[in-house]
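The next block holds one structure in the form of structure tokens; read it before the comments.
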Amino acid sequence: MKKTKRYYVTPEGNKFPLFEAPYDYVIPVYKKDCKRAVIADPNGCLIALGAQRDPLVLGAYIGSGKDAYIVFRESEQRYAHALHFTISASAARVRDWFDTHKGEVKTTVKLSAPTAGRTLSHRSKLNKARYKRIKAGEHTPKRRGKPNRTRIVRLGVKHRPHAVIEKNEVTIPVREAVA
């Protein structure tokens with residue numbers, strides 16, 4: 001089976017090869033990040049600003065789902081590339097609490113390496129099979145759980161735009177300024 005190559009495209013149009021993260025990545029978040037951070041902005045949130053303090057990081061995208069992308073600079077060992085991480089529940093709580101309260105936080109956030117079932121290639125495979133079953137009428141999508149019981153209420157804050165994955169390219173949509 002042919003292995004497809006994936007790319008991460010920044011909002012500016014720069015294209016980087018995208019890989020699954022082989023390790024966890026810990027990001028310290030300071031109060032100064034909270035003062036400069038923009039609510040509901042995936043490239044300018046407090047976790048993204050904390051990651052960009054690392055001298056090896058070019059940019060970061062922290063989505064509202066479970067996916068995060070970090071773009072690393074070129075170094076002696078490796079060319080410039082992007083890594084796909086998953087956002088843990090504790091990191092999501094920090095992200096959502098900041099978006100709803102605009103409070104100051106001093107903590108460390110851990111982005112995890114994706115498990116075998118959360119990789120982009122595996123999710124693509126599962127989604128293709130699911131869409132095929134829906135189109136054939138074998139599966140009807142159902143909403144599980146009680147409404148608003150386990151979901152985080154964001155109090156009027158818009159969700160961050162999701163990364164668009166098309167033809168093995170992860171593209172980040174450009175978002176207008178949030179008031």
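Ordering of the structure tokens sets the chain letters (A, B, ...), residue numbers begin anew at 1 in every chain, and ligands are numbered from 1 in the order given.
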
Those of stretch 73-107 of chain A in DSSP strand (DSSP E), formatted as an mmCIF file with N, CA and C atoms, in the first residue's frame:
```
data_model
loop_
_atom_site.group_PDB
_atom_site.id
_atom_site.type_symbol
_atom_site.label_atom_id
_atom_site.label_comp_id
_atom_site.auth_asym_id
_atom_site.auth_seq_id
_atom_site.Cartn_x
_atom_site.Cartn_y
_atom_site.Cartn_z
ATOM 1 N N HIS A 81 9.322 21.351 9.620
ATOM 2 C CA HIS A 81 8.232 20.388 9.522
ATOM 3 C C HIS A 81 7.146 20.720 10.545
ATOM 4 N N ALA A 82 6.006 20.081 10.405
ATOM 5 C CA ALA A 82 4.899 20.247 11.343
ATOM 6 C C ALA A 82 4.586 18.896 11.971
ATOM 7 N N LEU A 83 4.169 18.938 13.235
ATOM 8 C CA LEU A 83 3.781 17.724 13.940
ATOM 9 C C LEU A 83 2.338 17.828 14.396
ATOM 10 N N HIS A 84 1.620 16.717 14.312
ATOM 11 C CA HIS A 84 0.229 16.638 14.756
ATOM 12 C C HIS A 84 0.204 16.068 16.167
ATOM 13 N N PHE A 85 -0.387 16.818 17.110
ATOM 14 C CA PHE A 85 -0.543 16.393 18.491
ATOM 15 C C PHE A 85 -2.024 16.300 18.812
ATOM 16 N N THR A 86 -2.357 15.633 19.917
ATOM 17 C CA THR A 86 -3.724 15.647 20.419
ATOM 18 C C THR A 86 -3.762 16.447 21.705
ATOM 19 N N ILE A 87 -4.885 17.107 21.920
ATOM 20 C CA ILE A 87 -5.064 17.944 23.099
ATOM 21 C C ILE A 87 -5.747 17.103 24.172
ATOM 22 N N THR A 107 0.382 27.784 34.308
ATOM 23 C CA THR A 107 0.358 26.329 34.381
ATOM 24 C C THR A 107 1.211 25.745 33.265
#
```

- request: Step one, run DSSP on the backbone; step two, keep only residues of stretch 57-172 of chain A assigned to alpha helix (DSSP H); then write them as a PyMOL selection string.
  value: chain A and resi 89-101+120-136

Distance in Å - atom CA of A:Tyr30 versus atom CA of A:Gly59: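 Spanning atom CA of A:Tyr30 to atom CA of A:Gly59 is a straight-line distance of 17.5 Å.
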
field: Selection near A:Gln52, 10 Å with only C-alpha atoms, sequence-local residues under 4 positions removed, as a ChimeraX atom specification
entry: /A:27,43-44,46-48,56-60,70-72

- prompt: Between atom CA of A:Tyr8 and atom CA of A:Val164, what is the spacing in Å?
  reply: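 For atom CA of A:Val164 relative to atom CA of A:Tyr8, the distance reads 9.9 Å.
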
query: Taking into account only C-alpha atoms, which residue in the set A:Ile134, A:Ala68, A:Ala91, A:Val105 is nearest to A:Ala37?
result: A:Val105

task: Have a look at atom CA of A:Asp67 and atom CA of A:Pro141 and let me know their distance in Å, one decimal.
output: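 So the two atoms, atom CA of A:Asp67 and atom CA of A:Pro141, lie 22.3 Å apart.
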
- request: Write out as a list in words each polymer residue whose atoms come within 12 Å of A:Tyr7, counting only C-alpha atoms; drop sequence neighbours fewer than 5 positions from it.
  value: Gly13, Asn14, Lys15, Phe16, Pro17, Leu18, Phe19, Glu20, Tyr69, Val71, Ala80, His81, Ala82, Leu83, His84, Leu120, Val164, Ile165, Glu166, Lys167, Asn168, Glu169, Val170, Thr171 and Ile172 of chain A

Output N, CA and C atoms for every residue in that selection, as a PDB file, in the first residue's frame.
```
ATOM      1  N   GLY A  13       0.134  30.712   3.709  1.00  0.00           N
ATOM      2  CA  GLY A  13       0.334  29.944   2.481  1.00  0.00           C
ATOM      3  C   GLY A  13       1.600  29.113   2.463  1.00  0.00           C
ATOM      4  N   ASN A  14       2.396  29.134   3.535  1.00  0.00           N
ATOM      5  CA  ASN A  14       3.603  28.315   3.595  1.00  0.00           C
ATOM      6  C   ASN A  14       3.215  26.852   3.801  1.00  0.00           C
ATOM      7  N   LYS A  15       3.939  25.955   3.154  1.00  0.00           N
ATOM      8  CA  LYS A  15       3.612  24.540   3.165  1.00  0.00           C
ATOM      9  C   LYS A  15       4.742  23.751   3.836  1.00  0.00           C
ATOM     10  N   PHE A  16       4.377  22.944   4.838  1.00  0.00           N
ATOM     11  CA  PHE A  16       5.351  22.150   5.579  1.00  0.00           C
ATOM     12  C   PHE A  16       4.925  20.683   5.559  1.00  0.00           C
ATOM     13  N   PRO A  17       5.881  19.739   5.490  1.00  0.00           N
ATOM     14  CA  PRO A  17       5.504  18.328   5.600  1.00  0.00           C
ATOM     15  C   PRO A  17       4.960  18.054   7.003  1.00  0.00           C
ATOM     16  N   LEU A  18       3.894  17.261   7.074  1.00  0.00           N
ATOM     17  CA  LEU A  18       3.205  16.994   8.336  1.00  0.00           C
ATOM     18  C   LEU A  18       3.426  15.543   8.750  1.00  0.00           C
ATOM     19  N   PHE A  19       3.810  15.356  10.005  1.00  0.00           N
ATOM     20  CA  PHE A  19       4.038  14.029  10.560  1.00  0.00           C
ATOM     21  C   PHE A  19       3.249  13.883  11.855  1.00  0.00           C
ATOM     22  N   GLU A  20       3.019  12.642  12.257  1.00  0.00           N
ATOM     23  CA  GLU A  20       2.419  12.388  13.563  1.00  0.00           C
ATOM     24  C   GLU A  20       3.508  12.554  14.621  1.00  0.00           C
ATOM     25  N   TYR A  69      -1.494  21.441  16.000  1.00  0.00           N
ATOM     26  CA  TYR A  69      -0.389  21.346  15.048  1.00  0.00           C
ATOM     27  C   TYR A  69       0.690  22.335  15.461  1.00  0.00           C
ATOM     28  N   VAL A  71       4.472  23.819  14.227  1.00  0.00           N
ATOM     29  CA  VAL A  71       5.432  23.904  13.122  1.00  0.00           C
ATOM     30  C   VAL A  71       6.806  24.217  13.717  1.00  0.00           C
ATOM     31  N   ALA A  80      12.525  21.978   8.262  1.00  0.00           N
ATOM     32  CA  ALA A  80      11.303  22.543   8.837  1.00  0.00           C
ATOM     33  C   ALA A  80      10.136  21.585   8.585  1.00  0.00           C
ATOM     34  N   HIS A  81       9.322  21.351   9.620  1.00  0.00           N
ATOM     35  CA  HIS A  81       8.232  20.388   9.522  1.00  0.00           C
ATOM     36  C   HIS A  81       7.146  20.720  10.545  1.00  0.00           C
ATOM     37  N   ALA A  82       6.006  20.081  10.405  1.00  0.00           N
ATOM     38  CA  ALA A  82       4.899  20.247  11.343  1.00  0.00           C
ATOM     39  C   ALA A  82       4.586  18.896  11.971  1.00  0.00           C
ATOM     40  N   LEU A  83       4.169  18.938  13.235  1.00  0.00           N
ATOM     41  CA  LEU A  83       3.781  17.724  13.940  1.00  0.00           C
ATOM     42  C   LEU A  83       2.338  17.828  14.396  1.00  0.00           C
ATOM     43  N   HIS A  84       1.620  16.717  14.312  1.00  0.00           N
ATOM     44  CA  HIS A  84       0.229  16.638  14.756  1.00  0.00           C
ATOM     45  C   HIS A  84       0.204  16.068  16.167  1.00  0.00           C
ATOM     46  N   LEU A 120      -4.086  10.886  11.833  1.00  0.00           N
ATOM     47  CA  LEU A 120      -4.842  11.442  10.707  1.00  0.00           C
ATOM     48  C   LEU A 120      -5.201  10.376   9.687  1.00  0.00           C
ATOM     49  N   VAL A 164      -8.927  22.265   7.919  1.00  0.00           N
ATOM     50  CA  VAL A 164      -9.541  21.611   6.769  1.00  0.00           C
ATOM     51  C   VAL A 164      -8.537  20.622   6.190  1.00  0.00           C
ATOM     52  N   ILE A 165      -8.929  19.348   6.093  1.00  0.00           N
ATOM     53  CA  ILE A 165      -8.046  18.324   5.546  1.00  0.00           C
ATOM     54  C   ILE A 165      -8.598  17.892   4.200  1.00  0.00           C
ATOM     55  N   GLU A 166      -7.873  18.223   3.137  1.00  0.00           N
ATOM     56  CA  GLU A 166      -8.271  17.861   1.780  1.00  0.00           C
ATOM     57  C   GLU A 166      -7.051  17.397   1.015  1.00  0.00           C
ATOM     58  N   LYS A 167      -7.196  16.280   0.358  1.00  0.00           N
ATOM     59  CA  LYS A 167      -6.144  15.753  -0.515  1.00  0.00           C
ATOM     60  C   LYS A 167      -4.783  15.783   0.167  1.00  0.00           C
ATOM     61  N   ASN A 168      -4.746  15.257   1.404  1.00  0.00           N
ATOM     62  CA  ASN A 168      -3.517  15.139   2.183  1.00  0.00           C
ATOM     63  C   ASN A 168      -2.869  16.470   2.514  1.00  0.00           C
ATOM     64  N   GLU A 169      -3.665  17.547   2.574  1.00  0.00           N
ATOM     65  CA  GLU A 169      -3.184  18.838   3.029  1.00  0.00           C
ATOM     66  C   GLU A 169      -4.067  19.322   4.153  1.00  0.00           C
ATOM     67  N   VAL A 170      -3.453  19.737   5.246  1.00  0.00           N
ATOM     68  CA  VAL A 170      -4.176  20.324   6.361  1.00  0.00           C
ATOM     69  C   VAL A 170      -4.070  21.826   6.193  1.00  0.00           C
ATOM     70  N   THR A 171      -5.182  22.481   5.905  1.00  0.00           N
ATOM     71  CA  THR A 171      -5.198  23.909   5.656  1.00  0.00           C
ATOM     72  C   THR A 171      -5.923  24.605   6.799  1.00  0.00           C
ATOM     73  N   ILE A 172      -5.344  25.687   7.264  1.00  0.00           N
ATOM     74  CA  ILE A 172      -5.933  26.455   8.345  1.00  0.00           C
ATOM     75  C   ILE A 172      -6.659  27.642   7.732  1.00  0.00           C
TER      76      ILE A 172
END
```

Can you list, as a PDB file with C-alpha atoms, in the first residue's frame, every protein, DNA or RNA residue that comes within 12 Å of A:Gly117 when you count only C-alpha atoms, leaving out same-chain residues fewer than 4 positions away?
```
ATOM      1  CA  GLU A  20       2.419  12.388  13.563  1.00  0.00           C
ATOM      2  CA  THR A  86      -3.724  15.647  20.419  1.00  0.00           C
ATOM      3  CA  ALA A 113       1.367  12.111  20.802  1.00  0.00           C
ATOM      4  CA  SER A 121      -4.571   8.416   8.440  1.00  0.00           C
ATOM      5  CA  HIS A 122      -6.666   6.207  10.730  1.00  0.00           C
ATOM      6  CA  ARG A 123      -9.335   8.898  11.233  1.00  0.00           C
ATOM      7  CA  SER A 124      -9.481   9.347   7.447  1.00  0.00           C
ATOM      8  CA  LYS A 125      -9.979   5.620   6.969  1.00  0.00           C
ATOM      9  CA  LEU A 126     -12.762   5.477   9.590  1.00  0.00           C
ATOM     10  CA  ASN A 127     -14.539   8.552   8.202  1.00  0.00           C
TER      11      ASN A 127
END
```

field: Of the listed residues A:Ala136, A:Cys34, A:Val9, A:Val26, that which approaches A:Ser112 most closely, counting only C-alpha atoms
entry: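 Going through A:Ala136, A:Cys34, A:Val9, A:Val26 one by one, the smallest distance to A:Ser112 is for A:Val26.
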
Best match for closeness to A:Ser64 among A:Gly50, A:Arg143, A:Arg95, A:Ala89, counting only C-alpha atoms: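 Smallest distance to A:Ser64 is found for A:Arg95.
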